[in-house]
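Participant: Data file entry06.tsv (TSV, C-alpha atoms and all ligand atoms) is appended below.
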```
chain	number	residue	atom	x	y	z
A	1	MET	CA	147.37	87.34	73.58
A	2	LYS	CA	150.69	86.90	71.76
A	3	CYS	CA	150.44	85.83	68.15
A	4	LEU	CA	153.14	85.19	65.57
A	5	GLY	CA	151.96	85.88	62.01
A	6	ILE	CA	153.57	84.55	58.84
A	7	GLU	CA	152.96	86.17	55.45
A	8	SER	CA	154.02	84.42	52.23
A	9	THR	CA	151.33	84.78	49.57
A	10	ALA	CA	153.50	86.40	46.91
A	11	HIS	CA	156.69	88.48	46.81
A	12	THR	CA	157.07	89.11	50.56
A	13	PHE	CA	158.08	86.69	53.29
A	14	GLY	CA	157.47	88.24	56.67
A	15	ILE	CA	157.09	87.29	60.30
A	16	SER	CA	155.67	89.42	63.07
A	17	ILE	CA	154.85	88.99	66.73
A	18	ILE	CA	152.07	91.12	68.14
A	19	GLU	CA	150.43	91.22	71.54
A	20	ASP	CA	146.79	92.12	70.93
A	21	LYS	CA	146.98	95.38	68.95
A	22	LYS	CA	150.61	96.06	69.87
A	23	GLU	CA	153.44	95.19	67.50
A	24	ILE	CA	156.35	93.55	69.33
A	25	ALA	CA	158.72	92.68	66.47
A	26	THR	CA	158.49	92.39	62.70
A	27	ALA	CA	160.95	91.30	60.02
A	28	SER	CA	160.25	90.80	56.36
A	29	HIS	CA	162.03	90.59	53.05
A	30	THR	CA	160.64	91.19	49.58
A	31	PHE	CA	161.66	89.57	46.32
A	32	THR	CA	162.55	92.14	43.64
A	33	THR	CA	164.11	92.04	40.18
A	34	GLU	CA	165.91	94.60	38.05
A	35	GLU	CA	164.21	93.34	34.94
A	36	GLY	CA	161.49	90.82	34.12
A	37	GLY	CA	158.73	89.88	36.55
A	38	MET	CA	158.05	87.63	39.49
A	39	ILE	CA	158.89	84.01	38.64
A	40	PRO	CA	157.04	81.82	41.20
A	41	MET	CA	159.85	79.29	41.68
A	42	GLU	CA	162.42	82.05	42.19
A	43	VAL	CA	160.15	83.67	44.73
A	44	GLN	CA	159.88	80.33	46.53
A	45	LYS	CA	163.66	80.08	46.64
A	46	HIS	CA	163.79	83.57	48.09
A	47	HIS	CA	161.32	82.67	50.86
A	48	LEU	CA	163.14	79.43	51.74
A	49	GLU	CA	166.39	81.36	51.96
A	50	PHE	CA	165.05	84.08	54.27
A	51	LYS	CA	162.59	82.34	56.61
A	52	ASP	CA	165.02	81.20	59.34
A	53	LYS	CA	167.02	84.44	59.36
A	54	LEU	CA	163.84	86.47	59.74
A	55	LEU	CA	162.57	84.28	62.57
A	56	LYS	CA	165.88	84.59	64.42
A	57	GLN	CA	165.75	88.34	63.94
A	58	ILE	CA	162.33	88.78	65.57
A	59	LEU	CA	163.05	86.33	68.40
A	60	ASP	CA	166.27	88.21	69.20
A	61	GLU	CA	164.49	91.54	69.02
A	62	SER	CA	161.48	90.52	71.10
A	63	LYS	CA	163.48	88.40	73.57
A	64	LEU	CA	160.64	85.90	73.38
A	65	GLU	CA	160.77	82.17	72.85
A	66	LEU	CA	158.38	80.38	70.54
A	67	LYS	CA	156.82	78.50	73.42
A	68	ASP	CA	155.76	81.88	74.92
A	69	LEU	CA	153.31	82.34	72.03
A	70	ASP	CA	149.56	81.80	72.38
A	71	LEU	CA	148.90	81.44	68.66
A	72	ILE	CA	150.58	81.12	65.26
A	73	SER	CA	148.72	82.50	62.24
A	74	PHE	CA	149.65	82.09	58.58
A	75	SER	CA	148.28	83.16	55.18
A	76	LYS	CA	146.36	80.21	53.78
A	77	GLY	CA	145.50	82.04	50.55
A	78	PRO	CA	144.78	83.45	48.08
A	79	GLY	CA	148.23	83.58	46.54
A	80	LEU	CA	150.91	81.86	44.51
A	81	PRO	CA	151.05	78.17	45.52
A	82	PRO	CA	154.88	77.92	45.62
A	83	SER	CA	155.01	80.93	47.97
A	84	LEU	CA	152.07	79.85	50.13
A	85	VAL	CA	153.54	76.42	50.71
A	86	VAL	CA	156.71	77.86	52.27
A	87	GLY	CA	154.71	79.83	54.84
A	88	LYS	CA	152.36	76.95	55.55
A	89	ASP	CA	155.13	74.38	56.06
A	90	PHE	CA	157.08	76.77	58.27
A	91	ALA	CA	154.00	77.58	60.37
A	92	VAL	CA	153.14	73.88	60.84
A	93	LYS	CA	156.71	73.07	61.84
A	94	LEU	CA	156.85	75.86	64.42
A	95	ALA	CA	153.40	74.98	65.80
A	96	LYS	CA	154.27	71.30	66.19
A	97	GLU	CA	157.73	71.79	67.65
A	98	ASN	CA	156.55	74.32	70.19
A	99	ASN	CA	153.06	73.05	70.87
A	100	VAL	CA	151.38	76.31	69.87
A	101	PRO	CA	147.87	76.40	68.31
A	102	LEU	CA	147.78	77.23	64.59
A	103	ILE	CA	145.24	79.16	62.55
A	104	GLY	CA	145.27	79.76	58.77
A	105	VAL	CA	143.66	83.01	57.63
A	106	ASN	CA	142.47	84.66	54.44
A	107	HIS	CA	145.11	87.14	53.28
A	108	ILE	CA	142.57	89.59	51.84
A	109	CYS	CA	140.55	89.64	55.06
A	110	ALA	CA	143.80	90.43	56.84
A	111	HIS	CA	144.40	93.41	54.52
A	112	LEU	CA	140.89	94.73	55.27
A	113	GLU	CA	141.04	94.20	59.01
A	114	ILE	CA	144.45	95.80	59.54
A	115	GLY	CA	143.12	98.74	57.52
A	116	ARG	CA	140.09	99.01	59.76
A	117	MET	CA	142.16	98.67	62.91
A	118	ILE	CA	144.76	101.27	61.93
A	119	THR	CA	142.28	103.86	60.61
A	120	LYS	CA	139.77	103.15	63.40
A	121	THR	CA	137.00	103.07	60.79
A	122	LYS	CA	133.85	101.15	61.67
A	123	ASP	CA	132.20	100.13	58.45
A	124	PRO	CA	134.04	101.42	55.38
A	125	VAL	CA	133.99	100.67	51.69
A	126	PHE	CA	137.40	99.10	50.99
A	127	VAL	CA	139.26	99.81	47.78
A	128	PHE	CA	141.63	96.89	47.68
A	129	VAL	CA	144.30	97.21	45.00
A	130	SER	CA	147.25	94.88	45.15
A	131	GLY	CA	149.47	92.99	42.75
A	132	ALA	CA	147.03	90.13	42.34
A	133	ASN	CA	143.65	91.62	43.35
A	134	THR	CA	141.51	94.62	42.59
A	135	GLN	CA	138.21	94.63	44.41
A	136	ILE	CA	135.75	97.12	45.87
A	137	ILE	CA	134.54	95.45	49.05
A	138	ALA	CA	132.09	96.23	51.84
A	139	HIS	CA	130.65	94.28	54.74
A	140	GLU	CA	126.96	93.46	54.26
A	141	GLY	CA	124.82	90.73	55.78
A	142	GLY	CA	127.48	88.97	57.86
A	143	ARG	CA	130.25	88.77	55.32
A	144	TYR	CA	132.49	90.78	53.08
A	145	ARG	CA	130.96	91.23	49.64
A	146	VAL	CA	132.70	92.19	46.45
A	147	PHE	CA	130.78	95.02	44.78
A	148	GLY	CA	133.10	95.47	41.85
A	149	GLU	CA	136.34	93.98	40.64
A	150	ALA	CA	138.88	93.81	37.84
A	151	LEU	CA	137.66	91.32	35.25
A	152	SER	CA	141.00	90.22	33.85
A	153	ILE	CA	144.22	91.44	35.45
A	154	ALA	CA	144.51	93.29	38.77
A	155	LEU	CA	145.69	96.91	38.81
A	156	GLY	CA	149.10	96.15	40.41
A	157	ASN	CA	149.63	93.38	37.92
A	158	ALA	CA	148.64	95.69	35.04
A	159	LEU	CA	151.11	98.35	36.19
A	160	ASP	CA	153.86	95.74	36.62
A	161	LYS	CA	153.10	94.32	33.19
A	162	PHE	CA	153.38	97.74	31.59
A	163	GLY	CA	156.56	98.34	33.59
A	164	ARG	CA	158.03	95.15	32.16
A	165	ILE	CA	157.20	96.33	28.62
A	166	ILE	CA	158.98	99.64	29.11
A	167	GLY	CA	161.86	98.10	31.09
A	168	LEU	CA	161.20	99.22	34.67
A	169	GLY	CA	161.68	95.92	36.57
A	170	PHE	CA	159.52	94.69	39.45
A	171	PRO	CA	157.67	96.29	41.19
A	172	ALA	CA	156.93	98.93	38.58
A	173	GLY	CA	154.16	100.86	40.41
A	174	PRO	CA	156.45	103.27	42.29
A	175	LYS	CA	158.54	104.00	39.17
A	176	ILE	CA	155.40	104.59	37.08
A	177	GLU	CA	154.23	107.06	39.74
A	178	GLN	CA	157.48	109.02	39.45
A	179	LEU	CA	157.50	109.05	35.62
A	180	ALA	CA	153.81	110.10	35.60
A	181	LYS	CA	154.73	113.37	37.32
A	182	LYS	CA	156.27	114.58	34.05
A	183	GLY	CA	153.55	113.31	31.72
A	184	GLN	CA	150.55	114.58	29.80
A	185	LEU	CA	147.14	113.03	29.19
A	186	LEU	CA	146.56	110.75	26.19
A	187	ASP	CA	143.37	108.93	25.31
A	188	LEU	CA	143.36	105.32	26.62
A	189	PRO	CA	140.42	102.88	26.78
A	190	TYR	CA	138.25	103.59	29.85
A	191	VAL	CA	136.55	100.26	30.55
A	192	VAL	CA	133.87	100.13	33.26
A	193	LYS	CA	131.25	97.39	32.84
A	194	GLY	CA	128.53	97.75	35.45
A	195	MET	CA	130.52	97.76	38.69
A	196	ASP	CA	133.51	95.94	37.20
A	197	VAL	CA	136.61	97.30	35.51
A	198	ASP	CA	138.97	95.85	32.92
A	199	PHE	CA	142.62	96.87	32.59
A	200	SER	CA	143.84	94.49	29.91
A	201	GLY	CA	142.84	96.61	26.87
A	202	ILE	CA	144.52	99.67	28.37
A	203	ILE	CA	147.82	97.85	28.72
A	204	THR	CA	147.62	96.55	25.14
A	205	LYS	CA	146.91	100.07	23.86
A	206	ALA	CA	149.70	101.58	25.96
A	207	GLU	CA	152.11	98.95	24.63
A	208	GLN	CA	151.14	99.78	21.02
A	209	LEU	CA	151.67	103.50	21.66
A	210	PHE	CA	155.04	102.83	23.32
A	211	LYS	CA	156.16	100.86	20.26
A	212	LYS	CA	155.14	103.82	18.08
A	213	GLY	CA	157.49	106.01	20.10
A	214	VAL	CA	155.09	107.76	22.50
A	215	LYS	CA	156.90	109.08	25.58
A	216	LYS	CA	157.04	106.82	28.68
A	217	GLU	CA	156.09	109.75	30.90
A	218	ASP	CA	152.88	110.46	28.97
A	219	LEU	CA	151.94	106.78	28.99
A	220	CYS	CA	152.56	106.47	32.73
A	221	PHE	CA	150.51	109.58	33.50
A	222	SER	CA	147.64	108.52	31.24
A	223	LEU	CA	147.66	104.96	32.55
A	224	GLN	CA	147.36	106.21	36.13
A	225	GLU	CA	144.69	108.80	35.38
A	226	THR	CA	142.54	106.35	33.42
A	227	CYS	CA	142.82	103.33	35.72
A	228	PHE	CA	142.38	105.35	38.93
A	229	ALA	CA	139.39	107.23	37.49
A	230	MET	CA	137.69	103.92	36.61
A	231	LEU	CA	138.11	102.66	40.17
A	232	THR	CA	137.07	105.98	41.69
A	233	GLU	CA	133.84	105.89	39.68
A	234	VAL	CA	132.99	102.38	40.88
A	235	THR	CA	133.92	103.22	44.49
A	236	GLU	CA	131.59	106.20	44.46
A	237	ARG	CA	128.74	104.00	43.33
A	238	ALA	CA	129.55	101.40	46.02
A	239	LEU	CA	129.48	104.12	48.71
A	240	ALA	CA	126.06	105.28	47.45
A	241	HIS	CA	124.63	101.78	47.07
A	242	CYS	CA	125.78	100.59	50.52
A	243	ASP	CA	125.00	103.93	52.12
A	244	LYS	CA	128.41	104.08	53.81
A	245	ASN	CA	130.43	107.19	54.53
A	246	GLU	CA	133.94	105.87	55.14
A	247	CYS	CA	136.36	104.72	52.46
A	248	ILE	CA	139.77	103.15	52.89
A	249	LEU	CA	142.42	102.32	50.33
A	250	ILE	CA	144.57	99.26	50.92
A	251	GLY	CA	146.93	96.94	49.06
A	252	GLY	CA	150.32	97.81	47.56
A	253	VAL	CA	148.92	100.28	45.01
A	254	ALA	CA	147.58	102.34	47.95
A	255	ALA	CA	151.10	103.78	48.18
A	256	ASN	CA	150.21	105.88	45.14
A	257	GLN	CA	149.65	109.52	46.12
A	258	ARG	CA	147.70	110.41	43.00
A	259	PHE	CA	145.21	107.62	43.61
A	260	CYS	CA	144.75	108.76	47.24
A	261	GLU	CA	144.13	112.30	46.00
A	262	MET	CA	141.45	111.18	43.52
A	263	LEU	CA	139.60	109.07	46.08
A	264	ASN	CA	139.88	111.83	48.66
A	265	ASP	CA	138.36	114.40	46.26
A	266	MET	CA	135.49	112.06	45.40
A	267	CYS	CA	134.80	111.39	49.10
A	268	GLU	CA	134.88	115.09	49.97
A	269	ASP	CA	132.33	115.78	47.24
A	270	ARG	CA	129.88	113.35	48.79
A	271	ASN	CA	130.55	114.12	52.46
A	272	ALA	CA	132.28	110.83	53.06
A	273	LYS	CA	135.70	110.49	54.68
A	274	PHE	CA	138.70	108.96	52.97
A	275	TYR	CA	141.34	107.19	55.08
A	276	PRO	CA	144.65	106.33	53.49
A	277	VAL	CA	146.39	103.46	55.27
A	278	PRO	CA	150.06	104.10	56.19
A	279	LEU	CA	152.51	102.42	53.80
A	280	LYS	CA	153.72	99.99	56.42
A	281	TYR	CA	150.27	98.41	56.62
A	282	CYS	CA	148.90	98.73	53.10
A	283	GLY	CA	151.11	96.24	51.23
A	284	ASP	CA	151.68	92.61	52.15
A	285	ASN	CA	152.87	92.47	55.74
A	286	PRO	CA	152.92	89.87	58.51
A	287	ILE	CA	151.42	92.16	61.17
A	288	MET	CA	148.05	91.92	59.45
A	289	ILE	CA	148.24	88.12	59.43
A	290	ALA	CA	148.92	88.04	63.16
A	291	TRP	CA	146.05	90.48	63.83
A	292	GLN	CA	143.62	88.49	61.66
A	293	GLY	CA	144.66	85.34	63.56
A	294	ILE	CA	143.79	86.96	66.89
A	295	LEU	CA	140.46	88.33	65.63
A	296	GLU	CA	139.35	84.99	64.25
A	297	TYR	CA	140.63	82.90	67.10
A	298	LYS	CA	138.83	85.11	69.63
A	299	SER	CA	135.54	84.90	67.76
A	300	THR	CA	135.51	81.24	66.65
A	301	LYS	CA	138.26	79.35	68.51
A	302	ARG	CA	138.76	77.66	65.12
A	303	LEU	CA	142.19	76.02	64.79
A	304	GLU	CA	143.99	73.98	62.15
A	305	ASP	CA	144.31	70.23	62.55
A	306	LEU	CA	148.12	70.00	62.39
A	307	GLU	CA	147.98	66.75	60.42
A	308	LYS	CA	145.74	68.17	57.69
A	309	VAL	CA	146.84	71.76	57.11
A	310	ASP	CA	146.51	72.97	53.53
A	311	ILE	CA	146.75	76.14	51.47
A	312	ASN	CA	143.87	77.64	49.47
A	313	PRO	CA	145.40	79.56	46.53
A	314	VAL	CA	142.01	80.71	45.16
A	315	TRP	CA	140.18	81.51	48.39
A	316	ARG	CA	137.73	84.34	47.71
A	317	ILE	CA	136.95	86.93	50.34
A	318	ASP	CA	133.18	86.43	49.95
A	319	GLU	CA	133.53	82.79	51.04
A	320	VAL	CA	134.73	83.84	54.50
A	321	GLU	CA	132.22	84.19	57.32
A	322	ALA	CA	133.25	87.41	59.06
A	323	THR	CA	132.16	86.34	62.53
A	324	TRP	CA	134.38	88.88	64.28
A	325	TYR	CA	133.00	91.99	62.51
A	401	LIG	P1	150.78	94.00	47.20
A	401	LIG	O1	150.52	92.80	46.33
A	401	LIG	O2	149.58	94.44	47.97
A	401	LIG	O3	151.99	93.90	48.06
A	401	LIG	O4	151.10	95.20	46.19
A	401	LIG	C1	152.15	95.13	45.26
A	401	LIG	C2	151.77	95.97	44.06
A	401	LIG	O5	151.70	97.35	44.41
A	401	LIG	C3	152.75	95.85	42.92
A	401	LIG	O6	152.03	95.54	41.76
A	401	LIG	C4	153.38	97.25	42.84
A	401	LIG	O7	153.74	97.63	41.53
A	401	LIG	C5	152.26	98.13	43.36
A	401	LIG	N1	152.72	99.41	43.88
A	401	LIG	C6	153.61	99.62	44.88
A	401	LIG	N2	153.82	100.94	45.06
A	401	LIG	C7	153.06	101.59	44.14
A	401	LIG	C8	152.86	102.97	43.80
A	401	LIG	N3	153.48	103.96	44.42
A	401	LIG	N4	151.99	103.24	42.79
A	401	LIG	C9	151.35	102.25	42.15
A	401	LIG	N5	151.51	100.95	42.42
A	401	LIG	C10	152.35	100.61	43.41
A	402	MG	MG	148.35	91.32	49.35
```
Here is a file; write its structure as structure tokens.
Facilitator:
Amino acid sequence: MKCLGIESTAHTFGISIIEDKKEIATASHTFTTEEGGMIPMEVQKHHLEFKDKLLKQILDESKLELKDLDLISFSKGPGLPPSLVVGKDFAVKLAKENNVPLIGVNHICAHLEIGRMITKTKDPVFVFVSGANTQIIAHEGGRYRVFGEALSIALGNALDKFGRIIGLGFPAGPKIEQLAKKGQLLDLPYVVKGMDVDFSGIITKAEQLFKKGVKKEDLCFSLQETCFAMLTEVTERALAHCDKNECILIGGVAANQRFCEMLNDMCEDRNAKFYPVPLKYCGDNPIMIAWQGILEYKSTKRLEDLEKVDINPVWRIDEVEATWY
């Protein structure tokens, strides 16, 4: 079945057409800044500016027409409302004009399922680390359950916040990774509470040290080592508790090689297997939204009522019934 997926939960607006597991065409564009962070209304402007160009690009590339599609799928949430609305309105318009069924999917589920599809894992523990979310997730008793999560800010957000303080622009994660290669370890607060982690105190401490003149490189290295170690500890406990032996890392922060290395070492020590997800699929992308649409449609036949479509900016993963699993 041919499905067009639209992603617009945060910084990226993307559209992809897939036919079952095969990608036919994908085009996306990501909002970035040289300094400062992600301002929701500017991101919305970015998405409105790019949506038609990106659609034209994938239709030209695929040589398909919209009426050839069997399904349109869009990210219903969670995400930034001004960004979500652009994707939702665009999806509804295309569905109505071309008489194609529409399904709205949970963006986090889509991250997990594309990870599972690409790595061919059956029943992994997911370490999901993106700009807005940090959760250790596994499937138990018919749905995805969150075994541990960041209590205040997500890891990507924490890295971006620190990046803003030291003048790196958005997204800061990749630049922090490069600076960390020349750094040395300093003591930063290691905050694990039960199965949850908290990154806000670490950022405050790192900011104080930066203002006292401590080197950026040392702060970047120490920030990475501390935050990744906290999540590795909780992931190990989730693997033991759920008795699972596969682990996958997804979300934009999964691009970080040092984090992959730490999770891989932990998994090797306990005879589990770690699967990094290729960059193309680990951050926000529209392929995962199309794939999630197909999975859900095939298992539930659930569709949106085109007159009542809405976004759900705070949709938690554990509220979704994973009927397709
Ligand atoms: P997502 O929301 O899943 O698209 O992920 C975006 C987040 O990933 C942003 O907060 C980025 O700073 C972060 N990120 C991207 N690349 C890296 C990297 N190499 N190391 C750490 N964080 C990264
Ligand atoms: Mg995401």
Participant: Do you have, as JSON lines, the list of residues of chain A lying at most 9 Å from ligand MG 402 (chain A), each with its nearest atom pair and that distance in Å to one decimal, counting only C-alpha atoms and all ligand atoms and ordered by chain then number?
Facilitator:
```
{"residue": "A:Thr9", "atom": "CA", "partner": "A:MG402", "partner_atom": "MG", "distance": 7.2}
{"residue": "A:Ala10", "atom": "CA", "partner": "A:MG402", "partner_atom": "MG", "distance": 7.5}
{"residue": "A:Pro78", "atom": "CA", "partner": "A:MG402", "partner_atom": "MG", "distance": 8.7}
{"residue": "A:Gly79", "atom": "CA", "partner": "A:MG402", "partner_atom": "MG", "distance": 8.2}
{"residue": "A:His107", "atom": "CA", "partner": "A:MG402", "partner_atom": "MG", "distance": 6.6}
{"residue": "A:Ile108", "atom": "CA", "partner": "A:MG402", "partner_atom": "MG", "distance": 6.5}
{"residue": "A:Ala110", "atom": "CA", "partner": "A:MG402", "partner_atom": "MG", "distance": 8.8}
{"residue": "A:His111", "atom": "CA", "partner": "A:MG402", "partner_atom": "MG", "distance": 6.8}
{"residue": "A:Phe128", "atom": "CA", "partner": "A:MG402", "partner_atom": "MG", "distance": 8.9}
{"residue": "A:Val129", "atom": "CA", "partner": "A:MG402", "partner_atom": "MG", "distance": 8.4}
{"residue": "A:Ser130", "atom": "CA", "partner": "A:MG402", "partner_atom": "MG", "distance": 5.6}
{"residue": "A:Gly131", "atom": "CA", "partner": "A:MG402", "partner_atom": "MG", "distance": 6.9}
{"residue": "A:Ala132", "atom": "CA", "partner": "A:MG402", "partner_atom": "MG", "distance": 7.2}
{"residue": "A:Asn133", "atom": "CA", "partner": "A:MG402", "partner_atom": "MG", "distance": 7.6}
{"residue": "A:Ile250", "atom": "CA", "partner": "A:MG402", "partner_atom": "MG", "distance": 8.9}
{"residue": "A:Gly251", "atom": "CA", "partner": "A:MG402", "partner_atom": "MG", "distance": 5.8}
{"residue": "A:Gly252", "atom": "CA", "partner": "A:MG402", "partner_atom": "MG", "distance": 7.0}
{"residue": "A:Cys282", "atom": "CA", "partner": "A:MG402", "partner_atom": "MG", "distance": 8.3}
{"residue": "A:Gly283", "atom": "CA", "partner": "A:MG402", "partner_atom": "MG", "distance": 5.9}
{"residue": "A:Asp284", "atom": "CA", "partner": "A:MG402", "partner_atom": "MG", "distance": 4.5}
{"residue": "A:Asn285", "atom": "CA", "partner": "A:MG402", "partner_atom": "MG", "distance": 7.9}
```
Participant: Kindly give the distance, in Å, that separates atom C7 of ligand LIG 401 (chain A) and CA of Ala254 (chain A), rounded to a single decimal.
Facilitator: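 Value for the atom C7 of ligand LIG 401 (chain A)-CA of Ala254 (chain A) distance: 6.7 Å.
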Participant: Which of these residues is nearest to Leu102 (chain A), using all atoms listed in the file: A:Leu84, A:Leu4, A:Leu186, A:Ala158?
Facilitator: A:Leu4
Participant: Write out as a list in words the residues lying within 10 Å of Lys215 (chain A), counting all atoms listed in the file and excluding same-chain residues fewer than 5 positions away.
Facilitator: Gly183, Gln184, Leu209, Phe210 and Cys220 of chain A
Participant: List the spatial neighbours of region 192-204 of chain A as a list in words - criterion: any atom at most 6 Å away, only C-alpha atoms, same-chain residues fewer than 4 positions off excluded.
Facilitator: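 After dropping sequence-adjacent residues, the list is Gly148, Glu149, Ala150, Leu151 and Val234 of chain A.
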Participant: Return the single residue from A:Gly14, A:Pro276, A:Pro40, A:Gly169 that is closest to Cys260 (chain A), with distances computed using only C-alpha atoms.
Facilitator: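 Closest to Cys260 (chain A) of all the choices is A:Pro276.
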Participant: If we count all atoms listed in the file, what is near region 173-175 of chain A at a cut-off of 9 Å, once residues fewer than 3 positions away on the same chain are taken out, given as a list in words?
Facilitator: Gly156, Leu159, Asp160, Gly163, Leu168, Phe170, Gln178, Leu179, Ala180, Gly252, Val253, Ala255 and Asn256 of chain A
Participant: Please report the interatomic distance between CA of Ala206 (chain A) and CA of Asp187 (chain A) in Å with one decimal.
Facilitator: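 Straight-line distance from CA of Ala206 (chain A) to CA of Asp187 (chain A) works out to 9.7 Å.
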Participant: Nearest residue to ligand LIG 401 (chain A) out of A:Thr33, A:Gln135, A:Ser28, A:Asn157, using all atoms listed in the file?
Facilitator: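 Among the listed residues, A:Asn157 lies closest to ligand LIG 401 (chain A).
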Participant: Can you work out the spacing between CA of Gln257 (chain A) and CA of Lys122 (chain A) in Å, to one decimal?
Facilitator: 23.7 Å
Participant: Can you report as AutoDock Vina command-line options the centre and edge lengths in Å, to one decimal, of an axis-aligned box around the listed atoms of ligand LIG 401 (chain A) padded with 8 Å on each side?
Facilitator:
```
--center_x 151.7 --center_y 98.4 --center_z 44.8 --size_x 20.2 --size_y 27.2 --size_z 22.5
```
Participant: Could you list as an mmCIF file with C-alpha atoms, in the frame of the given file every residue that has an atom within 8 Å of (152.8, 75.3, 73.7), using the file's coordinates and counting all atoms listed in the file?
Facilitator:
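selection00.cif, freshly written:
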```cif
data_model
loop_
_atom_site.group_PDB
_atom_site.id
_atom_site.type_symbol
_atom_site.label_atom_id
_atom_site.label_comp_id
_atom_site.auth_asym_id
_atom_site.auth_seq_id
_atom_site.Cartn_x
_atom_site.Cartn_y
_atom_site.Cartn_z
ATOM 1 C CA LYS A 67 156.820 78.500 73.420
ATOM 2 C CA ASP A 68 155.760 81.880 74.920
ATOM 3 C CA LEU A 69 153.310 82.340 72.030
ATOM 4 C CA ASP A 70 149.560 81.800 72.380
ATOM 5 C CA ALA A 95 153.400 74.980 65.800
ATOM 6 C CA ASN A 98 156.550 74.320 70.190
ATOM 7 C CA ASN A 99 153.060 73.050 70.870
ATOM 8 C CA VAL A 100 151.380 76.310 69.870
ATOM 9 C CA PRO A 101 147.870 76.400 68.310
#
```
Participant: List the spatial neighbours of Lys2 (chain A) as a list in words - criterion: any atom at most 10 Å away, only C-alpha atoms, same-chain residues fewer than 2 positions off excluded.
Facilitator: Leu4, Gly5, Ile17, Ile18, Glu19, Asp20, Lys21, Lys22, Glu23, Ile24, Asp68, Leu69, Asp70, Leu71, Ile72, Ala290, Trp291 and Ile294 of chain A
Participant: Give as a PyMOL selection string the set of residues within 12 Å of the point (140.7, 90.5, 54.7), where distances use the file's coordinates and all atoms listed in the file.
Facilitator: chain A and resi 75-78+105-117+126-128+133+135+137-139+143-146+250-251+282+284+288-289+291-293+295-296+315-322+324-325
Participant: If I only have part of region 103-115 of chain A, can you fill in N, CA and C atoms and write it as a short mmCIF file (atom, residue, chain, number, x, y, z; two decimals), keeping the file's coordinate frame?
Facilitator:
```cif
data_model
loop_
_atom_site.label_atom_id
_atom_site.label_comp_id
_atom_site.auth_asym_id
_atom_site.auth_seq_id
_atom_site.Cartn_x
_atom_site.Cartn_y
_atom_site.Cartn_z
N ILE A 103 146.44 78.76 63.31
CA ILE A 103 145.24 79.16 62.55
C ILE A 103 145.68 79.66 61.17
N GLY A 104 144.97 79.27 60.12
CA GLY A 104 145.27 79.76 58.77
C GLY A 104 144.21 80.78 58.40
N VAL A 105 144.63 81.94 57.90
CA VAL A 105 143.66 83.01 57.63
C VAL A 105 143.68 83.45 56.17
N ASN A 106 142.60 84.11 55.80
CA ASN A 106 142.47 84.66 54.44
C ASN A 106 143.27 85.97 54.37
N HIS A 107 144.19 86.01 53.42
CA HIS A 107 145.11 87.14 53.28
C HIS A 107 144.36 88.45 52.96
N ILE A 108 143.29 88.36 52.20
CA ILE A 108 142.57 89.59 51.84
C ILE A 108 141.82 90.14 53.06
N CYS A 109 141.19 89.23 53.80
CA CYS A 109 140.55 89.64 55.06
C CYS A 109 141.55 90.37 55.95
N ALA A 110 142.77 89.83 55.99
CA ALA A 110 143.80 90.43 56.84
C ALA A 110 144.12 91.85 56.37
N HIS A 111 144.18 92.06 55.04
CA HIS A 111 144.40 93.41 54.52
C HIS A 111 143.28 94.35 55.00
N LEU A 112 142.04 93.87 54.91
CA LEU A 112 140.89 94.73 55.27
C LEU A 112 140.91 95.04 56.76
N GLU A 113 141.14 94.01 57.56
CA GLU A 113 141.04 94.20 59.01
C GLU A 113 142.17 95.04 59.58
N ILE A 114 143.37 94.93 59.03
CA ILE A 114 144.45 95.80 59.54
C ILE A 114 144.12 97.24 59.14
N GLY A 115 143.52 97.40 57.97
CA GLY A 115 143.12 98.74 57.52
C GLY A 115 142.10 99.34 58.47
#
```
